[in-house]
$ cat protein-v6.txt   # compact mmCIF, C-alpha atoms and all ligand atoms
# COMPACT_ATOMS: atom_id res chain seq x y z
CA MET A 131 78.72 117.33 79.49
CA GLY A 132 82.42 117.89 79.59
CA GLY A 133 84.52 117.81 82.69
CA ILE A 134 84.62 120.94 84.75
CA GLY A 135 87.97 121.60 86.30
CA VAL A 136 87.78 122.35 89.96
CA LEU A 137 90.70 123.57 91.97
CA LEU A 138 91.12 121.58 95.11
CA LEU A 139 91.31 124.57 97.35
CA GLY A 140 90.96 124.21 101.06
CA THR A 141 87.75 124.85 102.84
CA GLY A 142 87.00 128.48 103.49
CA VAL A 143 84.68 127.53 106.31
CA THR A 144 87.35 126.87 108.85
CA ALA A 145 89.78 129.59 109.61
CA PHE A 146 92.71 127.35 108.81
CA GLY A 147 92.25 125.65 105.52
CA ILE A 148 94.48 123.71 103.21
CA ALA A 149 95.74 125.26 100.06
CA PRO A 150 97.69 123.49 97.38
CA LEU A 151 101.06 125.09 96.93
CA ALA A 152 102.03 125.92 93.39
CA PRO A 153 103.58 128.96 91.83
CA ASP A 154 101.24 128.86 88.88
CA ALA A 155 97.52 128.16 88.79
CA ALA A 156 98.15 125.84 85.86
CA ASP A 157 100.10 123.56 88.18
CA LEU A 158 97.35 123.29 90.74
CA PRO A 159 95.81 119.83 91.08
CA VAL A 160 92.69 119.65 88.97
CA ARG A 161 89.97 117.08 89.45
CA GLU A 162 87.41 116.26 86.86
CA VAL A 163 83.88 116.58 88.17
CA VAL A 164 81.42 114.91 85.84
CA GLU A 165 77.65 115.04 86.13
CA ALA A 166 75.23 113.03 84.06
CA LEU A 167 72.34 114.97 82.55
CA PRO A 168 68.87 113.60 81.84
CA VAL A 169 68.49 112.00 78.42
CA LEU A 170 66.74 114.29 75.97
CA ALA A 171 63.47 112.98 74.61
CA THR A 172 63.94 114.71 71.26
CA PRO A 173 66.20 113.06 68.67
CA LEU A 174 69.65 114.46 68.34
CA TYR A 175 71.01 115.18 64.89
CA ALA A 176 74.59 115.32 64.03
CA ALA A 177 75.80 118.64 62.84
CA ILE A 178 77.19 118.63 59.36
CA PRO A 179 80.31 120.73 59.10
CA ALA A 180 80.17 123.60 56.63
CA SER A 181 83.13 122.08 54.88
CA ALA A 182 81.19 118.88 54.13
CA ASN A 183 81.23 118.18 50.43
CA LEU A 184 77.49 118.14 49.58
CA PRO A 185 75.84 118.21 46.12
CA PRO A 186 75.02 121.82 45.17
CA ASP A 187 71.25 121.53 45.61
CA ALA A 188 71.17 119.06 48.45
CA SER A 189 69.22 120.13 51.45
CA ARG A 190 71.00 119.26 54.66
CA PRO A 191 69.62 115.82 55.42
CA VAL A 192 68.60 114.46 58.77
CA LEU A 193 70.94 111.59 59.43
CA SER A 194 69.19 108.29 60.00
CA ASN A 195 72.15 107.18 62.08
CA PRO A 196 73.16 110.17 64.16
CA GLN A 197 76.61 110.46 65.64
CA PRO A 198 76.43 108.55 68.93
CA TRP A 199 76.82 110.61 72.03
CA THR A 200 78.11 109.65 75.40
CA LEU A 201 76.90 109.88 78.98
CA TYR A 202 79.58 110.43 81.56
CA ARG A 203 79.04 109.73 85.21
CA SER A 204 81.24 109.17 88.26
CA ASP A 205 80.56 107.61 91.61
CA THR A 206 82.42 105.88 94.39
CA THR A 207 82.24 102.20 95.18
CA ARG A 208 80.63 101.08 98.42
CA ALA A 209 81.56 98.12 100.59
CA ASP A 210 78.34 96.25 99.77
CA ASP A 211 78.31 97.06 96.05
CA THR A 212 77.48 94.46 93.42
CA PRO A 213 78.26 95.08 89.74
CA GLN A 214 74.57 95.84 89.28
CA SER A 215 74.24 98.35 92.13
CA LEU A 216 77.40 100.18 91.04
CA LEU A 217 76.42 100.31 87.36
CA THR A 218 72.93 101.51 88.24
CA ARG A 219 74.35 104.45 90.17
CA LEU A 220 76.58 105.15 87.19
CA GLY A 221 73.54 105.34 84.92
CA VAL A 222 74.46 102.14 83.10
CA ASN A 223 71.81 99.54 82.33
CA ASP A 224 73.76 96.78 80.66
CA SER A 225 73.49 93.11 81.65
CA GLU A 226 76.54 92.23 79.58
CA ALA A 227 78.63 94.76 81.53
CA GLN A 228 77.23 93.44 84.82
CA ALA A 229 78.28 89.92 83.90
CA PHE A 230 81.67 91.17 82.74
CA LEU A 231 82.38 92.98 86.03
CA ALA A 232 81.38 89.84 87.93
CA ARG A 233 83.36 87.39 85.79
CA ASN A 234 86.45 89.04 84.34
CA ALA A 235 89.47 88.52 86.61
CA LEU A 236 90.81 92.06 86.21
CA ALA A 237 87.46 93.83 86.33
CA ARG A 238 86.51 91.91 89.47
CA GLN A 239 89.32 93.62 91.36
CA LEU A 240 87.32 96.84 91.29
CA LEU A 241 84.84 95.58 93.88
CA ALA A 242 87.24 93.19 95.63
CA SER A 243 88.31 95.90 98.07
CA ARG A 244 86.07 97.34 100.75
CA GLN A 245 87.81 100.66 100.28
CA SER A 246 85.84 103.27 98.43
CA ARG A 247 87.11 103.96 94.91
CA LEU A 248 86.15 106.62 92.43
CA VAL A 249 84.78 105.14 89.20
CA HIS A 250 84.13 106.95 85.92
CA ALA A 251 81.76 105.44 83.38
CA GLU A 252 80.82 106.32 79.84
CA ALA A 253 77.62 104.96 78.35
CA ASN A 254 75.80 105.38 75.07
CA PRO A 255 72.22 106.68 74.85
CA GLN A 256 70.97 103.12 75.28
CA GLN A 257 72.82 103.09 78.61
CA ALA A 258 75.23 100.41 77.42
CA LEU A 259 78.68 100.66 78.97
CA GLN A 260 81.34 102.01 76.61
CA ARG A 261 84.17 102.64 79.02
CA LEU A 262 84.83 102.43 82.72
CA THR A 263 87.94 103.60 84.57
CA ALA A 264 89.04 103.50 88.20
CA ARG A 265 92.32 104.05 90.01
CA TRP A 266 93.60 102.80 93.31
CA ALA A 267 96.85 102.70 95.24
CA ASP A 268 99.13 99.81 94.31
CA PRO A 269 99.47 97.68 97.46
CA LYS A 270 102.87 96.46 96.26
CA ASN A 271 104.34 99.84 95.38
CA GLU A 272 104.22 102.71 97.84
CA ARG A 273 104.52 105.29 95.07
CA GLY A 274 102.44 103.47 92.46
CA PHE A 275 98.81 103.10 91.51
CA LEU A 276 96.75 100.77 89.32
CA ARG A 277 94.45 102.02 86.60
CA LEU A 278 91.61 99.72 85.59
CA VAL A 279 90.14 100.34 82.15
CA VAL A 280 87.14 98.39 80.89
CA GLU A 281 86.40 99.22 77.28
CA ARG A 282 84.07 98.11 74.54
CA ASP A 283 85.49 97.39 71.11
CA ALA A 284 84.10 95.58 68.09
CA LYS A 285 84.44 92.22 69.85
CA GLY A 286 82.81 93.28 73.10
CA LEU A 287 84.11 94.34 76.50
CA ASN A 288 87.71 93.90 77.54
CA ALA A 289 89.66 94.92 80.63
CA ARG A 290 93.21 95.95 81.36
CA LEU A 291 94.98 96.89 84.58
CA GLU A 292 97.86 99.30 84.06
CA PRO A 293 100.48 100.37 86.61
CA GLY A 294 101.16 104.09 86.99
CA THR A 295 103.34 106.31 89.14
CA LEU A 296 101.73 108.61 91.67
CA GLU A 297 102.72 112.23 91.29
CA ALA A 298 103.47 114.20 94.40
CA SER A 299 102.07 117.67 94.87
CA SER A 300 102.66 119.84 97.92
CA ARG A 301 99.86 120.96 100.20
CA LEU A 302 100.02 123.58 102.89
CA ALA A 303 97.98 123.44 106.03
CA SER A 304 97.79 125.21 109.36
CA GLY A 305 95.99 124.63 112.59
CA GLU A 306 95.58 125.79 116.14
CA ILE A 307 95.08 123.51 119.12
CA GLN A 308 91.78 123.98 120.89
CA SER A 309 91.44 120.61 122.62
CA SER A 310 93.53 117.94 120.92
CA LEU A 311 95.74 117.48 117.89
CA PHE A 312 93.13 115.46 116.03
CA ALA A 313 90.38 117.98 116.79
CA SER A 314 92.50 120.70 115.20
CA THR A 315 93.53 118.63 112.17
CA ASP A 316 89.88 117.64 111.64
CA ALA A 317 88.86 121.29 111.77
CA ALA A 318 91.50 122.16 109.18
CA GLY A 319 90.65 119.20 106.94
CA ILE A 320 94.08 117.63 107.39
CA PRO A 321 94.26 113.84 106.86
CA ASP A 322 94.89 111.63 109.89
CA ALA A 323 98.09 110.31 108.32
CA VAL A 324 99.49 113.85 108.46
CA ALA A 325 98.45 114.31 112.10
CA VAL A 326 100.19 111.08 113.08
CA GLN A 327 103.37 112.06 111.23
CA LEU A 328 103.29 115.47 112.87
CA ALA A 329 103.17 113.90 116.33
CA GLU A 330 105.88 111.39 115.46
CA MET A 331 108.30 113.88 113.91
CA PHE A 332 108.19 116.12 116.98
CA ALA A 333 107.96 113.27 119.49
CA SER A 334 111.42 113.99 120.89
CA ASP A 335 110.46 117.65 121.48
CA ILE A 336 106.80 117.51 122.47
CA ASP A 337 104.80 114.88 124.31
CA PHE A 338 101.54 115.11 122.38
CA ARG A 339 99.67 113.28 125.12
CA ARG A 340 100.63 115.64 127.93
CA ASP A 341 102.28 118.84 126.66
CA LEU A 342 99.73 120.38 124.27
CA ARG A 343 98.34 123.76 125.20
CA LYS A 344 95.28 125.57 123.91
CA GLY A 345 96.57 128.08 121.39
CA ASP A 346 99.51 125.96 120.23
CA ARG A 347 99.88 126.41 116.47
CA PHE A 348 101.39 124.52 113.60
CA HIS A 349 102.04 124.82 109.89
CA VAL A 350 102.73 121.86 107.71
CA VAL A 351 103.78 121.16 104.13
CA TYR A 352 102.90 117.66 103.02
CA GLU A 353 102.63 115.65 99.85
CA ALA A 354 99.38 114.61 98.23
CA LEU A 355 99.93 111.67 95.91
CA VAL A 356 97.89 112.03 92.78
CA ALA A 357 96.95 109.52 90.06
CA ASP A 358 95.97 111.09 86.72
CA GLY A 359 94.88 114.17 88.65
CA GLU A 360 92.93 112.23 91.26
CA PRO A 361 94.31 112.50 94.83
CA LEU A 362 94.68 108.91 96.06
CA LYS A 363 96.98 109.03 99.05
CA THR A 364 98.72 111.26 101.51
CA GLY A 365 102.48 111.19 101.27
CA ARG A 366 104.95 112.36 103.84
CA ILE A 367 105.30 115.66 105.63
CA LEU A 368 108.06 117.67 103.95
CA ALA A 369 108.31 120.35 106.60
CA ALA A 370 106.45 121.52 109.66
CA ASP A 371 106.70 123.83 112.57
CA PHE A 372 104.92 123.52 115.88
CA ILE A 373 104.66 126.30 118.42
CA ASN A 374 104.13 124.57 121.74
CA ASN A 375 103.73 126.63 124.87
CA GLY A 376 105.46 129.57 123.18
CA ARG A 377 108.41 127.55 121.92
CA THR A 378 108.86 126.90 118.20
CA HIS A 379 109.97 123.50 116.95
CA GLU A 380 110.75 123.01 113.29
CA ALA A 381 111.64 120.04 111.15
CA VAL A 382 112.26 119.32 107.52
CA TRP A 383 112.46 116.04 105.61
CA PHE A 384 115.83 115.35 104.08
CA GLU A 385 117.21 112.42 102.16
CA ALA A 386 120.33 112.00 100.08
CA PRO A 387 122.10 109.14 98.35
CA GLY A 388 123.54 106.89 101.05
CA VAL A 389 121.61 108.64 103.84
CA LYS A 390 118.33 107.25 105.12
CA GLY A 391 115.62 109.89 104.83
CA GLY A 392 114.54 111.53 108.04
CA TYR A 393 113.52 114.74 109.77
CA TYR A 394 116.04 117.40 110.72
CA GLY A 395 115.83 120.68 112.48
CA PHE A 396 116.74 123.70 110.35
CA ASP A 397 120.08 123.59 112.16
CA GLY A 398 120.81 120.22 110.50
CA GLU A 399 120.35 118.18 113.66
CA SER A 400 118.35 114.99 113.21
CA LYS A 401 115.03 114.66 115.01
CA ARG A 402 115.76 110.97 115.35
CA ARG A 403 117.06 109.87 118.72
CA PHE A 404 118.52 106.58 119.83
CA TYR A 405 115.23 105.96 121.69
CA LEU A 406 111.67 106.75 120.66
CA SER A 407 109.73 108.53 123.37
CA SER A 408 106.79 106.14 123.08
CA PRO A 409 106.39 102.41 122.41
CA LEU A 410 102.95 103.14 120.89
CA GLU A 411 102.55 105.07 117.68
CA PHE A 412 100.53 108.21 118.18
CA SER A 413 97.05 107.56 116.82
CA ARG A 414 93.49 108.81 116.98
CA VAL A 415 92.63 105.93 119.30
CA SER A 416 95.60 106.09 121.65
CA SER A 417 95.68 109.88 121.82
CA GLY A 418 92.33 109.90 123.58
CA TYR A 419 93.75 107.85 126.41
CA GLY A 420 95.85 109.16 129.20
CA MET A 421 99.25 108.01 130.22
CA ARG A 422 100.18 107.78 133.83
CA PHE A 423 102.69 106.75 136.38
CA HIS A 424 101.02 104.59 139.00
CA PRO A 425 101.95 102.30 141.86
CA VAL A 426 102.23 98.61 140.99
CA LEU A 427 99.22 96.84 142.45
CA GLY A 428 99.88 94.97 145.66
CA THR A 429 103.30 96.36 146.41
CA GLN A 430 104.53 99.24 148.53
CA ARG A 431 107.21 100.25 146.05
CA ALA A 432 106.74 103.30 143.90
CA HIS A 433 105.61 102.42 140.42
CA LEU A 434 108.55 101.94 138.16
CA GLY A 435 107.18 102.45 134.71
CA VAL A 436 104.79 104.30 132.49
CA ASP A 437 101.33 102.98 131.72
CA PHE A 438 99.84 103.66 128.34
CA ALA A 439 96.12 102.93 128.36
CA ALA A 440 95.21 101.60 124.91
CA PRO A 441 92.75 99.11 123.46
CA THR A 442 93.69 95.45 123.33
CA GLY A 443 95.47 94.71 120.07
CA THR A 444 97.15 98.11 119.66
CA PRO A 445 100.58 97.44 118.09
CA VAL A 446 103.60 97.86 120.35
CA ARG A 447 107.03 98.79 118.96
CA THR A 448 110.48 98.66 120.43
CA VAL A 449 111.83 102.13 121.25
CA GLY A 450 115.41 101.37 120.25
CA ASP A 451 117.69 98.94 118.42
CA GLY A 452 118.48 95.92 120.53
CA LEU A 453 118.24 92.23 121.29
CA VAL A 454 115.18 90.49 122.74
CA GLU A 455 116.49 89.24 126.08
CA PHE A 456 113.23 87.60 127.11
CA ALA A 457 109.85 87.08 125.46
CA GLY A 458 107.35 85.01 127.42
CA VAL A 459 105.23 84.92 130.56
CA GLN A 460 106.26 86.25 133.97
CA ARG A 461 104.19 86.54 137.11
CA GLY A 462 102.65 89.98 137.45
CA TYR A 463 103.85 91.12 134.04
CA GLY A 464 101.85 88.50 132.12
CA ASN A 465 103.12 88.31 128.53
CA VAL A 466 106.24 90.42 128.64
CA ILE A 467 109.20 91.35 126.44
CA PHE A 468 112.58 92.57 127.67
CA VAL A 469 114.77 94.26 125.05
CA ARG A 470 118.46 94.84 125.82
CA HIS A 471 119.99 97.92 124.21
CA ARG A 472 123.54 99.22 124.30
CA ASN A 473 125.17 100.58 127.48
CA ASN A 474 123.37 98.03 129.67
CA GLN A 475 120.01 99.68 129.07
CA VAL A 476 116.85 97.54 128.98
CA THR A 477 113.23 98.30 128.07
CA VAL A 478 110.26 96.24 129.31
CA TYR A 479 106.85 95.83 127.62
CA ALA A 480 104.25 94.07 129.80
CA HIS A 481 100.63 92.79 129.92
CA LEU A 482 100.71 92.03 126.18
CA SER A 483 97.87 90.12 124.55
CA ARG A 484 100.30 88.78 121.98
CA ILE A 485 104.06 88.50 121.66
CA GLY A 486 105.44 89.04 118.17
CA VAL A 487 109.16 88.27 118.73
CA ARG A 488 111.35 85.47 120.09
CA THR A 489 114.05 85.50 122.74
CA GLY A 490 117.39 86.13 121.03
CA GLN A 491 115.91 88.08 118.12
CA ARG A 492 117.46 91.38 116.97
CA VAL A 493 115.02 94.27 116.72
CA ALA A 494 115.35 97.71 115.17
CA GLN A 495 113.93 100.95 116.53
CA GLY A 496 110.22 101.19 115.75
CA GLU A 497 109.85 97.50 114.90
CA PHE A 498 106.59 95.77 115.84
CA ILE A 499 107.09 93.40 118.79
CA GLY A 500 103.59 92.61 120.12
CA ASN A 501 100.12 93.87 120.98
CA VAL A 502 98.60 95.64 123.98
CA GLY A 503 96.61 93.40 126.31
CA SER A 504 95.68 92.84 129.93
CA THR A 505 97.60 89.71 130.91
CA GLY A 506 99.26 89.33 134.32
CA MET A 507 98.46 91.70 137.17
CA SER A 508 96.45 94.21 135.22
CA THR A 509 93.04 95.78 135.75
CA GLY A 510 92.40 96.64 132.10
CA PRO A 511 94.07 96.82 128.70
CA HIS A 512 97.23 98.91 128.88
CA LEU A 513 100.90 98.75 128.12
CA HIS A 514 103.20 98.81 131.10
CA PHE A 515 106.53 100.17 129.92
CA GLU A 516 109.81 100.46 131.81
CA PHE A 517 113.21 101.85 131.04
CA ARG A 518 116.11 100.46 133.09
CA ASP A 519 119.51 102.12 132.91
CA ASN A 520 122.10 99.79 134.48
CA GLY A 521 119.32 98.32 136.59
CA VAL A 522 117.96 101.71 137.67
CA HIS A 523 114.47 102.69 136.51
CA ARG A 524 114.32 105.95 134.59
CA ASP A 525 111.57 108.06 132.99
CA PRO A 526 111.50 106.89 129.34
CA LEU A 527 110.51 110.35 128.11
CA VAL A 528 113.51 111.93 129.75
CA ILE A 529 115.77 109.22 128.34
CA ALA A 530 114.37 109.73 124.83
CA ARG A 531 114.99 113.47 124.96
CA GLU A 532 118.46 113.07 126.41
CA SER A 533 119.60 110.40 123.97
CA GLU A 534 121.89 111.85 121.36
CA ALA A 535 120.78 113.00 117.94
CA ILE A 536 122.37 112.06 114.66
CA LYS A 537 124.23 114.88 112.93
CA LEU A 538 124.34 115.32 109.19
CA PRO A 539 127.69 114.53 107.59
CA GLU A 540 129.65 117.65 106.69
CA ASN A 541 129.53 116.97 102.92
CA LEU A 542 125.71 117.09 102.91
CA ARG A 543 125.38 120.40 104.68
CA GLY A 544 125.15 122.31 101.41
CA SER A 545 122.37 120.26 99.85
CA PHE A 546 120.55 120.20 103.19
CA ALA A 547 120.68 123.99 103.43
CA ALA A 548 119.08 124.27 99.97
CA VAL A 549 116.24 121.89 100.89
CA ALA A 550 115.73 123.58 104.24
CA GLN A 551 115.59 127.03 102.68
CA ALA A 552 112.99 125.95 100.10
CA GLN A 553 110.80 124.29 102.72
CA ARG A 554 111.10 127.19 105.11
CA SER A 555 109.66 129.57 102.53
CA LYS A 556 106.74 127.17 102.03
CA LEU A 557 106.07 127.17 105.76
CA GLU A 558 106.11 130.96 105.70
CA ALA A 559 103.57 130.79 102.87
CA ALA A 560 101.45 128.46 104.99
CA ALA A 561 101.48 131.01 107.78
CA GLN A 562 100.31 133.66 105.32
CA VAL A 563 97.53 131.45 103.97
CA ARG A 564 96.33 131.03 107.51
CA GLN A 565 96.53 134.74 108.14
CA ALA A 566 94.60 135.47 104.93
CA SER A 567 91.87 132.96 105.67
CA ALA A 568 91.56 134.24 109.22
CA ASP A 569 91.12 137.76 107.86
ZN ZN B 1 102.29 99.80 135.12

$ encode --input "protein-v6.txt" --output "structure tokens"
Amino acid sequence: MGGIGVLLLGTGVTAFGIAPLAPDAADLPVREVVEALPVLATPLYAAIPASANLPPDASRPVLSNPQPWTLYRSDTTRADDTPQSLLTRLGVNDSEAQAFLARNALARQLLASRQSRLVHAEANPQQALQRLTARWADPKNERGFLRLVVERDAKGLNARLEPGTLEASSRLASGEIQSSLFASTDAAGIPDAVAVQLAEMFASDIDFRRDLRKGDRFHVVYEALVADGEPLKTGRILAADFINNGRTHEAVWFEAPGVKGGYYGFDGESKRRFYLSSPLEFSRVSSGYGMRFHPVLGTQRAHLGVDFAAPTGTPVRTVGDGLVEFAGVQRGYGNVIFVRHRNNQVTVYAHLSRIGVRTGQRVAQGEFIGNVGSTGMSTGPHLHFEFRDNGVHRDPLVIARESEAIKLPENLRGSFAAVAQAQRSKLEAAAQVRQASAD
């Protein structure tokens, strides 16, 4: 009846699994797996401890009111759940609890989200709810979670919603590219959020839409954010390497007081450039689409931009800090945004379905400015993107790679070296895990 601790080890099915990284098995994340057992038909008698102070000739009596026992069961919520359907799956048959989950303002939050949540319930032999707990990420606190507890006391059921802090634990993962980044992360059981971060952190080194080769490999150390032992969220990548076309790229997360956190090479050079290489975040959806240079329809001029095919509504971000020079409609471009950066450099985002900024507005690198569409002279949803350097059109990818990197201040070199060393040894461990699982 008790919980059985299960180590969250990676799948052994794929060659490249995930393994939690911890020096000691006791530190490994443990999840409680609870199964309900069928109710016994025979009465259950409470054991009387040998130390019980009984009269000398008393036979051990059968208690008329045996010690109550508890049924534990866990399940996940579903989008179409009602209090009744959820409680039924949890082995609870309790109309009072049903009404409570429907009526109580705190308890109602459990089914208010369409996201699946793990719920633990405890019931007595009459299937009346004694206790119910669930945890979910706190939408207002990136590193927090909320713990709902519904409990029965002498006066009936009551609910409380308690804030908690997510604990970070490191995970190691490895993969090899067969077809696409997402295919390899799926095969290795790596969350999408990690795949996206991987593509973004190496975006100035590797174009994940065009440069990947079969046989490219990567190792990654990332955080799993855990609430009371239950993994709730994926945190950030702490370190990764990516071997693309025989060339190794490495990056490690570093933050220090007064320095915005970011990714750095092991040489201490920031991965952040003045310009992002893509106005669209890498995603499962957009990665499946190509990107191409093409001639502008109806003109003889060579095409002067990059087209990113993407579904209507895909968020568009500005690739660098700047000022919105124009946001509105222009012939051919449809809904279009011009952003002026330093050194008389301008980026153009065209055919938008929606514009999210105003002329004259300041924007920061990566900030949302609008959505992909098909307005103006466009044959289908895509983002037409241009980079103009003093009026001359340039390849945005080349610009992004050429734009200078930020160097770490001299006084932080020491603490960076310590972080980098620690993460590097984890990456080496990841490589060994992969080797072991492949063997
Ligand atoms: Zn175009």

$ atom_distance --input "protein-v6.txt" --atom1 "CA of Ala264 (chain A)" --atom2 "CA of Val324 (chain A)"
25.0 Å

$ atom_distance --input "protein-v6.txt" --atom1 "CA of Ala325 (chain A)" --atom2 "CA of Arg484 (chain A)"
27.4 Å

$ atom_distance --input "protein-v6.txt" --atom1 "CA of Ser545 (chain A)" --atom2 "CA of His349 (chain A)"
23.1 Å

$ closest_residue --input "protein-v6.txt" --among "A:Ser204, A:Thr505, A:Ser310, A:Thr218" --to "ligand ZN 1 (chain B)" --atoms "all atoms listed in the file"
A:Thr505

$ closest_residue --input "protein-v6.txt" --among "A:Ala386, A:Val436, A:Val493, A:Ile536" --to "ligand ZN 1 (chain B)" --atoms "only C-alpha atoms and all ligand atoms"
A:Val436

$ residues_around --input "protein-v6.txt" --residues "region 223-228 of chain A" --least-positions-apart "2" --cutoff "9 Å" --atoms "only C-alpha atoms" --output "mmCIF file with C-alpha atoms, in the coordinates of the input"
data_model
loop_
_atom_site.group_PDB
_atom_site.id
_atom_site.type_symbol
_atom_site.label_atom_id
_atom_site.label_comp_id
_atom_site.auth_asym_id
_atom_site.auth_seq_id
_atom_site.Cartn_x
_atom_site.Cartn_y
_atom_site.Cartn_z
ATOM 1 C CA THR A 212 77.480 94.460 93.420
ATOM 2 C CA PRO A 213 78.260 95.080 89.740
ATOM 3 C CA GLN A 214 74.570 95.840 89.280
ATOM 4 C CA LEU A 217 76.420 100.310 87.360
ATOM 5 C CA THR A 218 72.930 101.510 88.240
ATOM 6 C CA LEU A 220 76.580 105.150 87.190
ATOM 7 C CA GLY A 221 73.540 105.340 84.920
ATOM 8 C CA PHE A 230 81.670 91.170 82.740
ATOM 9 C CA LEU A 231 82.380 92.980 86.030
ATOM 10 C CA ALA A 232 81.380 89.840 87.930
ATOM 11 C CA ARG A 233 83.360 87.390 85.790
ATOM 12 C CA ALA A 253 77.620 104.960 78.350
ATOM 13 C CA GLN A 256 70.970 103.120 75.280
ATOM 14 C CA GLN A 257 72.820 103.090 78.610
ATOM 15 C CA ALA A 258 75.230 100.410 77.420
ATOM 16 C CA LEU A 259 78.680 100.660 78.970
ATOM 17 C CA LEU A 287 84.110 94.340 76.500
#

$ closest_residue --input "protein-v6.txt" --among "A:Phe468, A:Tyr202, A:Phe275, A:Phe515" --to "ligand ZN 1 (chain B)" --atoms "all atoms listed in the file"
A:Phe515

$ axis_aligned_box --input "protein-v6.txt" --around "region 273-289 of chain A" --padding-each-side "8 Å" --output "lines of an AutoDock Vina configuration file"
center_x = 93.7
center_y = 98.8
center_z = 81.6
size_x = 37.7
size_y = 29.1
size_z = 43.0

$ residues_around --input "protein-v6.txt" --residues "Ser334 (chain A)" --least-positions-apart "2" --cutoff "8 Å" --atoms "only C-alpha atoms" --output "list in words"
Met331, Phe332, Ile336, Asp337, Lys401, Arg402, Arg403, Leu406, Ser407, Ala530 and Arg531 of chain A

$ residues_near_point --input "protein-v6.txt" --point "(97.8, 95.3, 118.5)" --cutoff "12 Å" --atoms "only C-alpha atoms" --output "CSV table (one decimal) with C-alpha atoms, in the coordinates of the input"
chain,number,residue,atom,x,y,z
A,409,PRO,CA,106.4,102.4,122.4
A,410,LEU,CA,103.0,103.1,120.9
A,411,GLU,CA,102.6,105.1,117.7
A,415,VAL,CA,92.6,105.9,119.3
A,416,SER,CA,95.6,106.1,121.6
A,440,ALA,CA,95.2,101.6,124.9
A,441,PRO,CA,92.8,99.1,123.5
A,442,THR,CA,93.7,95.4,123.3
A,443,GLY,CA,95.5,94.7,120.1
A,444,THR,CA,97.2,98.1,119.7
A,445,PRO,CA,100.6,97.4,118.1
A,446,VAL,CA,103.6,97.9,120.4
A,447,ARG,CA,107.0,98.8,119.0
A,482,LEU,CA,100.7,92.0,126.2
A,483,SER,CA,97.9,90.1,124.6
A,484,ARG,CA,100.3,88.8,122.0
A,485,ILE,CA,104.1,88.5,121.7
A,486,GLY,CA,105.4,89.0,118.2
A,498,PHE,CA,106.6,95.8,115.8
A,499,ILE,CA,107.1,93.4,118.8
A,500,GLY,CA,103.6,92.6,120.1
A,501,ASN,CA,100.1,93.9,121.0
A,502,VAL,CA,98.6,95.6,124.0
A,503,GLY,CA,96.6,93.4,126.3
A,504,SER,CA,95.7,92.8,129.9
A,511,PRO,CA,94.1,96.8,128.7
A,512,HIS,CA,97.2,98.9,128.9
A,513,LEU,CA,100.9,98.8,128.1

$ closest_residue --input "protein-v6.txt" --among "A:Asp283, A:Asp341, A:Asp268, A:Glu516" --to "ligand ZN 1 (chain B)" --atoms "all atoms listed in the file"
A:Glu516

$ residues_around --input "protein-v6.txt" --residues "region 395-400 of chain A" --least-positions-apart "6" --cutoff "8 Å" --atoms "all atoms listed in the file" --output "mmCIF file with C-alpha atoms, in the coordinates of the input"
data_model
loop_
_atom_site.group_PDB
_atom_site.id
_atom_site.type_symbol
_atom_site.label_atom_id
_atom_site.label_comp_id
_atom_site.auth_asym_id
_atom_site.auth_seq_id
_atom_site.Cartn_x
_atom_site.Cartn_y
_atom_site.Cartn_z
ATOM 1 C CA HIS A 379 109.970 123.500 116.950
ATOM 2 C CA GLU A 380 110.750 123.010 113.290
ATOM 3 C CA ALA A 381 111.640 120.040 111.150
ATOM 4 C CA VAL A 382 112.260 119.320 107.520
ATOM 5 C CA ALA A 535 120.780 113.000 117.940
ATOM 6 C CA ILE A 536 122.370 112.060 114.660
ATOM 7 C CA LYS A 537 124.230 114.880 112.930
ATOM 8 C CA LEU A 538 124.340 115.320 109.190
ATOM 9 C CA ARG A 543 125.380 120.400 104.680
ATOM 10 C CA PHE A 546 120.550 120.200 103.190
ATOM 11 C CA ALA A 547 120.680 123.990 103.430
ATOM 12 C CA ALA A 550 115.730 123.580 104.240
#

$ closest_residue --input "protein-v6.txt" --among "A:Glu330, A:Glu306, A:Asp437, A:Asp519" --to "ligand ZN 1 (chain B)" --atoms "all atoms listed in the file"
A:Asp437
